[in-house]
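Remarks on the structure that follows.
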Amino acid sequence: MSYMLLIVEPIGQRAQRTPEAGRAAYDGMLRYAADLKARGLLQDAQSLKSEADGVKLQVRDGRQRLLDGPYAEAKEMIGGFFLLNCATREEAVAIAAECPAAQWCTVEIRELGPCFA
């Protein structure tokens, strides 16, 4: 079964780190990804740039609307993801507990599947 670990960060947390602390956190995440890959669990992993670099799209009544960031109503952002191949939900939870980001973020664990189920 495929599970996605979503790294949910508080808005502005990255800006509070020194460049050295940011690099150390990123390097820890790279080591975590390399370990998951070596264990045959990792399908894909990516980090995402700050929400300030993003844009949101809505289509209402056939009209597109772009909402530029930063988004004042948001308190959190998705900072990245890990796509895993796990046998059970419990295994995915255990792997999420190993994630370095769980020490400064929330790791949301979601099984992939159709959105209507």
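Each chain in the structure tokens gets a letter, A, B and so on, in the order shown; residues start at 1 in every chain, and ligands are counted from 1 in the order they appear.
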
Could you list, as a compact mmCIF listing (two decimals) with N, CA and C atoms, in the first residue's frame, every residue within 9 Å of A:Ala101, counting only C-alpha atoms and ignoring same-chain residues fewer than 5 positions away?
```
# COMPACT_ATOMS: atom_id res chain seq x y z
N ILE A 7 4.70 16.76 5.29
CA ILE A 7 5.42 17.52 6.30
C ILE A 7 4.71 18.87 6.43
N VAL A 8 4.01 19.06 7.54
CA VAL A 8 3.19 20.25 7.77
C VAL A 8 3.94 21.18 8.72
N GLU A 9 4.38 22.30 8.16
CA GLU A 9 5.22 23.25 8.90
C GLU A 9 4.44 24.49 9.31
N ALA A 25 19.01 20.89 9.22
CA ALA A 25 17.69 20.25 9.17
C ALA A 25 17.49 19.56 7.83
N GLY A 28 19.53 16.41 7.53
CA GLY A 28 18.91 15.32 8.29
C GLY A 28 17.77 14.67 7.51
N MET A 29 17.00 15.49 6.81
CA MET A 29 15.91 14.95 5.99
C MET A 29 16.45 14.15 4.81
N THR A 106 4.56 18.80 12.05
CA THR A 106 3.61 17.70 12.16
C THR A 106 3.76 16.85 10.91
N VAL A 107 3.80 15.55 11.07
CA VAL A 107 3.85 14.64 9.93
C VAL A 107 2.47 14.01 9.79
```

- Message: Please return, as number ranges by chain, all residues of stretch 9-110 of chain A that DSSP assigns to strand (DSSP E) on the basis of the backbone.
- Response: A: 9-10, 42-47, 55-60, 63-68, 76-85, 106-110

Residues of the last selection are to be written out with C-alpha atoms, as a CSV table (one decimal), in the first residue's frame.
```csv
chain,number,residue,atom,x,y,z
A,9,GLU,CA,5.2,23.2,8.9
A,10,PRO,CA,4.2,26.4,10.8
A,42,LEU,CA,10.7,5.2,-0.5
A,43,GLN,CA,8.9,5.8,-3.8
A,44,ASP,CA,9.5,9.6,-4.0
A,45,ALA,CA,10.3,12.5,-1.8
A,46,GLN,CA,10.5,16.2,-2.4
A,47,SER,CA,10.7,19.4,-0.4
A,55,VAL,CA,0.0,30.5,-5.9
A,56,LYS,CA,-3.5,29.0,-5.4
A,57,LEU,CA,-6.0,28.5,-8.2
A,58,GLN,CA,-9.7,28.4,-8.0
A,59,VAL,CA,-12.2,27.9,-10.8
A,60,ARG,CA,-15.7,29.2,-10.1
A,63,ARG,CA,-13.6,31.6,-14.3
A,64,GLN,CA,-10.1,31.2,-13.0
A,65,ARG,CA,-8.9,33.1,-10.0
A,66,LEU,CA,-5.3,33.1,-8.8
A,67,LEU,CA,-4.6,33.8,-5.1
A,68,ASP,CA,-1.0,34.9,-4.6
A,76,GLU,CA,0.6,26.0,8.3
A,77,MET,CA,2.0,25.0,5.0
A,78,ILE,CA,3.0,21.7,3.3
A,79,GLY,CA,6.8,21.8,3.3
A,80,GLY,CA,7.3,18.5,1.5
A,81,PHE,CA,6.4,14.9,1.2
A,82,PHE,CA,7.6,11.3,1.3
A,83,LEU,CA,5.7,8.7,-0.8
A,84,LEU,CA,6.2,5.3,0.8
A,85,ASN,CA,5.3,1.7,0.0
A,106,THR,CA,3.6,17.7,12.2
A,107,VAL,CA,3.8,14.6,9.9
A,108,GLU,CA,0.5,13.8,8.4
A,109,ILE,CA,0.1,10.2,7.3
A,110,ARG,CA,-2.3,9.5,4.5
```

- Message: Please determine, counting only C-alpha atoms, which residue among A:Ser2, A:Ser50, A:Gln103, A:Gln13 has the shortest atom-to-atom distance to A:Arg89.
- Response: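 When distances to A:Arg89 are compared using only C-alpha atoms, the smallest one comes from A:Ser2.
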
- Query: Taking only C-alpha atoms into account, which of A:Trp104, A:Met4, A:Cys99, A:Phe116 comes nearest A:Arg31?
  - Reply: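 Closest residue, counting only C-alpha atoms: A:Cys99.
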
- Query: If you run DSSP on the backbone, which residues of chain A are helix (DSSP H, G or I), as a PyMOL selection string?
  - Reply: chain A and resi 13-16+19-38+51-53+89-97+100-103

Please dump the current selection as a compact mmCIF listing (two decimals), in the first residue's frame; keep N, CA, C and O atoms.
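And here's part_37.txt as it stands now:
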```txt
# COMPACT_ATOMS: atom_id res chain seq x y z
N GLN A 13 8.38 29.39 10.02
CA GLN A 13 9.37 28.66 10.80
C GLN A 13 10.73 28.64 10.12
O GLN A 13 11.76 28.79 10.78
N ARG A 14 10.75 28.46 8.82
CA ARG A 14 12.03 28.40 8.09
C ARG A 14 12.82 29.70 8.24
O ARG A 14 14.04 29.69 8.37
N ALA A 15 12.13 30.83 8.21
CA ALA A 15 12.79 32.14 8.29
C ALA A 15 13.41 32.38 9.66
O ALA A 15 14.29 33.22 9.80
N GLN A 16 12.96 31.64 10.66
CA GLN A 16 13.50 31.82 12.01
C GLN A 16 14.82 31.08 12.20
O GLN A 16 15.53 31.33 13.17
N PRO A 19 20.95 30.12 8.52
CA PRO A 19 21.27 29.29 7.35
C PRO A 19 21.91 27.96 7.74
O PRO A 19 21.61 26.93 7.15
N GLU A 20 22.74 27.99 8.76
CA GLU A 20 23.39 26.75 9.20
C GLU A 20 22.37 25.77 9.78
O GLU A 20 22.43 24.57 9.51
N ALA A 21 21.45 26.27 10.59
CA ALA A 21 20.42 25.40 11.17
C ALA A 21 19.49 24.87 10.08
O ALA A 21 19.09 23.70 10.13
N GLY A 22 19.18 25.69 9.10
CA GLY A 22 18.36 25.24 7.98
C GLY A 22 19.04 24.14 7.19
O GLY A 22 18.41 23.14 6.83
N ARG A 23 20.33 24.31 6.93
CA ARG A 23 21.09 23.30 6.18
C ARG A 23 21.18 22.00 7.00
O ARG A 23 21.04 20.92 6.46
N ALA A 24 21.38 22.10 8.30
CA ALA A 24 21.45 20.91 9.16
C ALA A 24 20.12 20.16 9.15
O ALA A 24 20.09 18.93 9.06
N ALA A 25 19.01 20.89 9.22
CA ALA A 25 17.69 20.25 9.17
C ALA A 25 17.49 19.56 7.83
O ALA A 25 17.02 18.41 7.76
N TYR A 26 17.84 20.24 6.75
CA TYR A 26 17.69 19.68 5.40
C TYR A 26 18.56 18.44 5.23
O TYR A 26 18.12 17.42 4.70
N ASP A 27 19.80 18.51 5.70
CA ASP A 27 20.70 17.35 5.60
C ASP A 27 20.14 16.15 6.37
O ASP A 27 20.26 15.01 5.92
N GLY A 28 19.53 16.41 7.53
CA GLY A 28 18.91 15.32 8.29
C GLY A 28 17.77 14.67 7.51
O GLY A 28 17.60 13.45 7.53
N MET A 29 17.00 15.49 6.81
CA MET A 29 15.91 14.95 5.99
C MET A 29 16.45 14.15 4.81
O MET A 29 15.88 13.12 4.43
N LEU A 30 17.56 14.60 4.22
CA LEU A 30 18.18 13.85 3.12
C LEU A 30 18.68 12.48 3.60
O LEU A 30 18.51 11.48 2.91
N ARG A 31 19.26 12.44 4.80
CA ARG A 31 19.71 11.16 5.37
C ARG A 31 18.52 10.24 5.63
O ARG A 31 18.58 9.03 5.37
N TYR A 32 17.44 10.80 6.13
CA TYR A 32 16.20 10.03 6.37
C TYR A 32 15.70 9.43 5.06
O TYR A 32 15.38 8.24 4.99
N ALA A 33 15.66 10.24 3.99
CA ALA A 33 15.21 9.75 2.69
C ALA A 33 16.13 8.66 2.16
O ALA A 33 15.66 7.65 1.62
N ALA A 34 17.43 8.84 2.31
CA ALA A 34 18.39 7.84 1.83
C ALA A 34 18.20 6.52 2.57
O ALA A 34 18.28 5.43 1.97
N ASP A 35 17.93 6.59 3.88
CA ASP A 35 17.69 5.38 4.66
C ASP A 35 16.43 4.67 4.19
O ASP A 35 16.41 3.45 4.03
N LEU A 36 15.36 5.43 3.95
CA LEU A 36 14.12 4.82 3.47
C LEU A 36 14.32 4.17 2.11
O LEU A 36 13.80 3.09 1.84
N LYS A 37 15.09 4.83 1.25
CA LYS A 37 15.37 4.27 -0.07
C LYS A 37 16.16 2.97 0.05
O LYS A 37 15.85 1.97 -0.61
N ALA A 38 17.15 2.96 0.92
CA ALA A 38 17.97 1.76 1.12
C ALA A 38 17.13 0.60 1.66
O ALA A 38 17.41 -0.56 1.37
N GLU A 51 5.70 28.97 1.03
CA GLU A 51 4.37 29.31 0.55
C GLU A 51 4.35 30.67 -0.13
O GLU A 51 3.50 30.94 -0.98
N ALA A 52 5.30 31.54 0.19
CA ALA A 52 5.36 32.85 -0.44
C ALA A 52 5.67 32.75 -1.93
O ALA A 52 5.37 33.67 -2.69
N ASP A 53 6.27 31.64 -2.36
CA ASP A 53 6.58 31.43 -3.77
C ASP A 53 5.45 30.72 -4.51
O ASP A 53 5.55 30.49 -5.71
N ARG A 89 -0.72 0.41 7.79
CA ARG A 89 -0.78 1.76 8.34
C ARG A 89 0.18 1.88 9.52
O ARG A 89 0.86 2.90 9.69
N GLU A 90 0.25 0.86 10.33
CA GLU A 90 1.13 0.87 11.50
C GLU A 90 2.59 1.03 11.09
O GLU A 90 3.36 1.73 11.76
N GLU A 91 2.98 0.38 10.00
CA GLU A 91 4.35 0.53 9.50
C GLU A 91 4.59 1.98 9.06
O GLU A 91 5.63 2.56 9.35
N ALA A 92 3.61 2.58 8.37
CA ALA A 92 3.73 3.96 7.94
C ALA A 92 3.87 4.90 9.13
O ALA A 92 4.68 5.84 9.12
N VAL A 93 3.10 4.65 10.18
CA VAL A 93 3.18 5.47 11.39
C VAL A 93 4.55 5.32 12.04
O VAL A 93 5.16 6.31 12.47
N ALA A 94 5.06 4.11 12.09
CA ALA A 94 6.39 3.88 12.68
C ALA A 94 7.47 4.60 11.89
O ALA A 94 8.39 5.19 12.46
N ILE A 95 7.36 4.57 10.57
CA ILE A 95 8.34 5.26 9.72
C ILE A 95 8.23 6.77 9.92
O ILE A 95 9.24 7.48 9.99
N ALA A 96 7.01 7.28 10.04
CA ALA A 96 6.81 8.72 10.28
C ALA A 96 7.44 9.13 11.61
O ALA A 96 7.98 10.23 11.72
N ALA A 97 7.39 8.27 12.60
CA ALA A 97 7.98 8.58 13.90
C ALA A 97 9.50 8.72 13.82
O ALA A 97 10.10 9.40 14.65
N PRO A 100 12.96 13.09 11.01
CA PRO A 100 13.51 14.19 11.80
C PRO A 100 12.54 15.38 11.92
O PRO A 100 12.50 16.03 12.96
N ALA A 101 11.77 15.65 10.88
CA ALA A 101 10.86 16.80 10.89
C ALA A 101 9.76 16.67 11.94
O ALA A 101 9.18 17.67 12.35
N ALA A 102 9.50 15.46 12.40
CA ALA A 102 8.48 15.28 13.44
C ALA A 102 8.86 16.02 14.73
O ALA A 102 8.00 16.28 15.56
N GLN A 103 10.14 16.40 14.85
CA GLN A 103 10.60 17.14 16.03
C GLN A 103 10.25 18.62 15.96
O GLN A 103 10.22 19.29 16.99
```

- Item | Nearest to A:Tyr3 by atom-to-atom distance, counting only C-alpha atoms, from A:Leu41, A:Leu112, A:Leu48, A:Cys105 |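 Selected residue with least distance to A:Tyr3: A:Leu112.
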
- Interatomic distance between atom CA of A:Lys75 and atom CA of A:Gly54? 15.0 Å

- Task: Using atom CA of A:Thr88 and atom CA of A:Cys115 as the two end points, give the distance in Å to one decimal.
- Result: 19.4 Å

- Message: Between atom CA of A:Ala117 and atom CA of A:Gly40, what is the distance in Å, rounded to a tenth?
- Response: 28.1 Å

- Query: With only C-alpha atoms as the atoms that count, which of A:Ala87, A:Pro114, A:Glu98, A:Lys49 lies nearest to A:Met1?
  - Reply: A:Ala87
